[in-house]
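S.K.: One structure is given below, represented as structure tokens, and several questions about it will come after.
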Amino acid sequence: MTPRAKAGLFWAVGVLAYVIAVFHRQSLGVSGIEAAARLGVGAAGLSVLAMLQLLVYAAMQVPVGVLVDRFGSKRMLVTGAVVMGCGELVFAFADGLTGGIAGRALIGCGDAMTFISVIRLVNVHFPAHRNPLMVQLTGLIGQVGAIASTVPLIHSLRVNGWTPTFVGAAGLGVVSAVLLLVVLRDSRPARTAERPSLG
């Protein structure tokens, strides 16, 4: 496989992990009515869950930036996928606000590990002049996860109920983690040294 094809494959798998992360991120907003009934909370309780998830995501940005430089994108993406899967699993069996808070906090934590790790993949495997385009494409394609979390999730909640739906969402985290483990490599590609030329 050529370096360009390998870079494209790594990026595609990273973007898929980000799409799934966005799916997890948006799953609460899509299931708001069902979540209120399941957890026995009102609008204020749902706001607490959403804000907590966002606060955890924001608080993790600096630590994740340090960790991704130390451990590499692969480990961080796999860890993020597993943590989000665990969060969805906790959310699947939650029957009160405490369980809901624990599940959404885990999802916020895992979500924080994802986008920045994909950006590092772009920085490592693509030429510098392509980085802005690839970062924009990553963000745009990632929003497919928001779209995917609407109709399929609502349909599954109506047909299968709360627990099977979110156990299935947790399964997406497992699929993402396995794919990342199999496909990604963290080694920095060899680049030929280019001598600066004077025009």
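Chain labels A, B, ... are given in the sequence in which chains occur in the structure tokens; within each chain residues are numbered consecutively from 1, and ligands are likewise numbered from 1 in the order shown.
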Which residues come within 7 Å of region 24-31 of chain A, counting only C-alpha atoms, excluding same-chain residues fewer than 4 positions away, as a PDB file with all heavy atoms, in the first residue's frame?
M.R.:
ATOM      1  N   ILE A  20     -19.126   8.250  14.778  1.00  0.00           N
ATOM      2  CA  ILE A  20     -19.753   7.498  15.862  1.00  0.00           C
ATOM      3  C   ILE A  20     -19.735   8.309  17.157  1.00  0.00           C
ATOM      4  O   ILE A  20     -20.687   8.285  17.941  1.00  0.00           O
ATOM      5  CB  ILE A  20     -19.060   6.131  16.037  1.00  0.00           C
ATOM      6  CG1 ILE A  20     -19.315   5.271  14.793  1.00  0.00           C
ATOM      7  CG2 ILE A  20     -19.552   5.418  17.289  1.00  0.00           C
ATOM      8  CD1 ILE A  20     -18.550   3.960  14.772  1.00  0.00           C
ATOM      9  N   ALA A  35     -35.906  10.038  27.691  1.00  0.00           N
ATOM     10  CA  ALA A  35     -34.966  10.146  28.812  1.00  0.00           C
ATOM     11  C   ALA A  35     -35.642  10.743  30.033  1.00  0.00           C
ATOM     12  O   ALA A  35     -35.421  10.300  31.170  1.00  0.00           O
ATOM     13  CB  ALA A  35     -33.761  10.996  28.407  1.00  0.00           C
ATOM     14  N   ILE A 107     -19.529   9.641  28.287  1.00  0.00           N
ATOM     15  CA  ILE A 107     -19.631   9.970  26.856  1.00  0.00           C
ATOM     16  C   ILE A 107     -18.897  11.274  26.559  1.00  0.00           C
ATOM     17  O   ILE A 107     -18.169  11.377  25.559  1.00  0.00           O
ATOM     18  CB  ILE A 107     -21.106  10.042  26.427  1.00  0.00           C
ATOM     19  CG1 ILE A 107     -21.713   8.636  26.425  1.00  0.00           C
ATOM     20  CG2 ILE A 107     -21.245  10.687  25.045  1.00  0.00           C
ATOM     21  CD1 ILE A 107     -23.196   8.589  26.229  1.00  0.00           C
ATOM     22  N   ALA A 146     -24.620  13.162  13.605  1.00  0.00           N
ATOM     23  CA  ALA A 146     -25.792  13.863  14.149  1.00  0.00           C
ATOM     24  C   ALA A 146     -27.051  13.479  13.374  1.00  0.00           C
ATOM     25  O   ALA A 146     -28.126  13.309  13.956  1.00  0.00           O
ATOM     26  CB  ALA A 146     -25.567  15.369  14.096  1.00  0.00           C
ATOM     27  N   SER A 149     -28.170   9.940  14.206  1.00  0.00           N
ATOM     28  CA  SER A 149     -28.734   9.750  15.545  1.00  0.00           C
ATOM     29  C   SER A 149     -30.194  10.162  15.641  1.00  0.00           C
ATOM     30  O   SER A 149     -30.794  10.036  16.704  1.00  0.00           O
ATOM     31  CB  SER A 149     -27.924  10.553  16.570  1.00  0.00           C
ATOM     32  OG  SER A 149     -28.115  11.942  16.392  1.00  0.00           O
ATOM     33  N   THR A 150     -30.766  10.639  14.532  1.00  0.00           N
ATOM     34  CA  THR A 150     -32.155  11.112  14.603  1.00  0.00           C
ATOM     35  C   THR A 150     -33.138   9.985  14.274  1.00  0.00           C
ATOM     36  O   THR A 150     -33.654   9.332  15.187  1.00  0.00           O
ATOM     37  CB  THR A 150     -32.360  12.308  13.661  1.00  0.00           C
ATOM     38  OG1 THR A 150     -31.890  11.973  12.346  1.00  0.00           O
ATOM     39  CG2 THR A 150     -31.582  13.518  14.147  1.00  0.00           C
ATOM     40  N   ILE A 154     -34.609   7.251  17.029  1.00  0.00           N
ATOM     41  CA  ILE A 154     -36.017   7.417  17.408  1.00  0.00           C
ATOM     42  C   ILE A 154     -36.817   6.163  17.051  1.00  0.00           C
ATOM     43  O   ILE A 154     -37.641   5.673  17.844  1.00  0.00           O
ATOM     44  CB  ILE A 154     -36.612   8.659  16.719  1.00  0.00           C
ATOM     45  CG1 ILE A 154     -35.982   9.933  17.293  1.00  0.00           C
ATOM     46  CG2 ILE A 154     -38.127   8.705  16.888  1.00  0.00           C
ATOM     47  CD1 ILE A 154     -36.335  11.187  16.528  1.00  0.00           C
TER      48      ILE A 154
END
S.K.: Write out as a Markdown table the residues of region 37-115 of chain A that have any atom within 9 Å of an atom of region 119-123 of chain A, one row each with the nearest atom pair and its distance in Å to one decimal, counting only C-alpha atoms, sorted by chain and then rising number.
M.R.:
| residue | atom | partner | partner_atom | distance |
| --- | --- | --- | --- | --- |
| A:Val68 | CA | A:Arg120 | CA | 8.0 |
| A:Asp69 | CA | A:Arg120 | CA | 8.4 |
| A:Gly72 | CA | A:Arg120 | CA | 8.2 |
| A:Ser73 | CA | A:Leu121 | CA | 6.5 |
| A:Lys74 | CA | A:Leu121 | CA | 8.8 |
| A:Thr114 | CA | A:Ile119 | CA | 8.8 |
| A:Phe115 | CA | A:Ile119 | CA | 6.3 |
S.K.: Quick one: residues within 10 Å of Met76 (chain A), only C-alpha atoms counted, chain neighbours fewer than 2 positions away excluded, as a list of chain:residue names?
M.R.: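 Residues meeting the cut-off are A:Val64, A:Leu67, A:Val68, A:Asp69, A:Arg70, A:Phe71, A:Gly72, A:Ser73, A:Lys74, A:Val78, A:Thr79, A:Gly80, A:Ala81, A:Val82, A:Gly110, A:Ala112, A:Met113, A:Thr114, A:Ile116, A:Ser117, A:Val118.
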S.K.: From the options A:Lys6, A:Arg38, A:Gln61, A:Phe23, which residue's atoms come nearest to Gly161 (chain A), counting only C-alpha atoms?
M.R.: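 Among A:Lys6, A:Arg38, A:Gln61, A:Phe23, it is A:Arg38 that comes nearest to Gly161 (chain A).
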S.K.: A:Ala43, A:Val167, A:Met1, A:Ile147: which is nearest Leu89 (chain A), counting only C-alpha atoms?
M.R.: A:Val167
S.K.: When you count only C-alpha atoms, which of these residues is closest to Gly168 (chain A): A:Gly96, A:Gly145, A:Gly85, A:Pro132?
M.R.: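 Ranking A:Gly96, A:Gly145, A:Gly85, A:Pro132 by distance to Gly168 (chain A), first place goes to A:Gly85.
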S.K.: Could you name the residues that touch Leu9 (chain A) at 9 Å or less, counting only C-alpha atoms, but leaving out those on the same chain fewer than 4 positions away, as a PyMOL selection string?
M.R.: chain A and resi 4-5+13-14+183-184
S.K.: I need the chosen residues saved as a PDB file, in the first residue's frame, with C-alpha atoms.
M.R.:
ATOM      1  CA  ARG A   4      -0.927   8.146   0.200  1.00  0.00           C
ATOM      2  CA  ALA A   5      -3.373   5.224   0.251  1.00  0.00           C
ATOM      3  CA  VAL A  13     -11.148   5.057   9.903  1.00  0.00           C
ATOM      4  CA  GLY A  14     -10.503   8.055  12.155  1.00  0.00           C
ATOM      5  CA  VAL A 183      -6.451  -0.712  10.929  1.00  0.00           C
ATOM      6  CA  LEU A 184      -4.615   2.185  12.580  1.00  0.00           C
TER       7      LEU A 184
END
S.K.: Counting only C-alpha atoms, what is within 12 Å of Ser47 (chain A), bar same-chain residues fewer than 6 positions away, as a compact mmCIF listing (two decimals) with N, CA and C atoms, in the first residue's frame?
M.R.:
# COMPACT_ATOMS: atom_id res chain seq x y z
N LEU A 28 -28.53 11.96 23.43
CA LEU A 28 -29.40 12.48 24.49
C LEU A 28 -30.43 13.44 23.94
N GLY A 29 -30.00 14.35 23.06
CA GLY A 29 -30.92 15.32 22.49
C GLY A 29 -32.05 14.67 21.71
N GLY A 32 -34.69 12.93 24.22
CA GLY A 32 -35.02 13.76 25.36
C GLY A 32 -36.32 13.38 26.07
N ALA A 35 -35.91 10.04 27.69
CA ALA A 35 -34.97 10.15 28.81
C ALA A 35 -35.64 10.74 30.03
N ALA A 36 -36.48 11.75 29.82
CA ALA A 36 -37.19 12.38 30.93
C ALA A 36 -38.10 11.37 31.63
N VAL A 41 -37.00 12.73 35.37
CA VAL A 41 -36.56 14.12 35.51
C VAL A 41 -37.37 15.00 34.57
N GLN A 53 -22.30 16.87 30.36
CA GLN A 53 -21.57 16.25 29.25
C GLN A 53 -20.68 17.28 28.56
N LEU A 54 -21.21 18.47 28.34
CA LEU A 54 -20.45 19.54 27.68
C LEU A 54 -19.28 20.00 28.55
N LEU A 55 -19.51 20.12 29.86
CA LEU A 55 -18.45 20.55 30.77
C LEU A 55 -17.32 19.54 30.83
N LEU A 97 -31.43 9.85 37.86
CA LEU A 97 -30.54 10.92 37.45
C LEU A 97 -29.07 10.57 37.67
N GLY A 100 -27.86 8.44 34.88
CA GLY A 100 -27.79 9.25 33.67
C GLY A 100 -26.59 10.16 33.66
N ILE A 101 -26.29 10.76 34.81
CA ILE A 101 -25.12 11.64 34.92
C ILE A 101 -23.83 10.86 34.66
N ARG A 104 -23.57 10.04 30.83
CA ARG A 104 -23.27 11.19 29.97
C ARG A 104 -21.88 11.75 30.25
S.K.: Measure the distance from CA of Ala170 (chain A) to CA of Val48 (chain A) in Å and round it to one decimal.
M.R.: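 Interatomic distance, CA of Ala170 (chain A) to CA of Val48 (chain A): 21.9 Å.
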S.K.: For a quick check of understanding, using only C-alpha atoms, which of A:Arg75, A:Phe166, A:Gly65, A:Thr138 has the smallest distance to Pro152 (chain A)?
M.R.: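 With only C-alpha atoms as the atom set, the closest residue is A:Phe166.
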S.K.: Kindly give the distance, in Å, that separates CA of Gly8 (chain A) and CA of Gly108 (chain A), rounded to a single decimal.
M.R.: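 Separation between CA of Gly8 (chain A) and CA of Gly108 (chain A): 27.3 Å.
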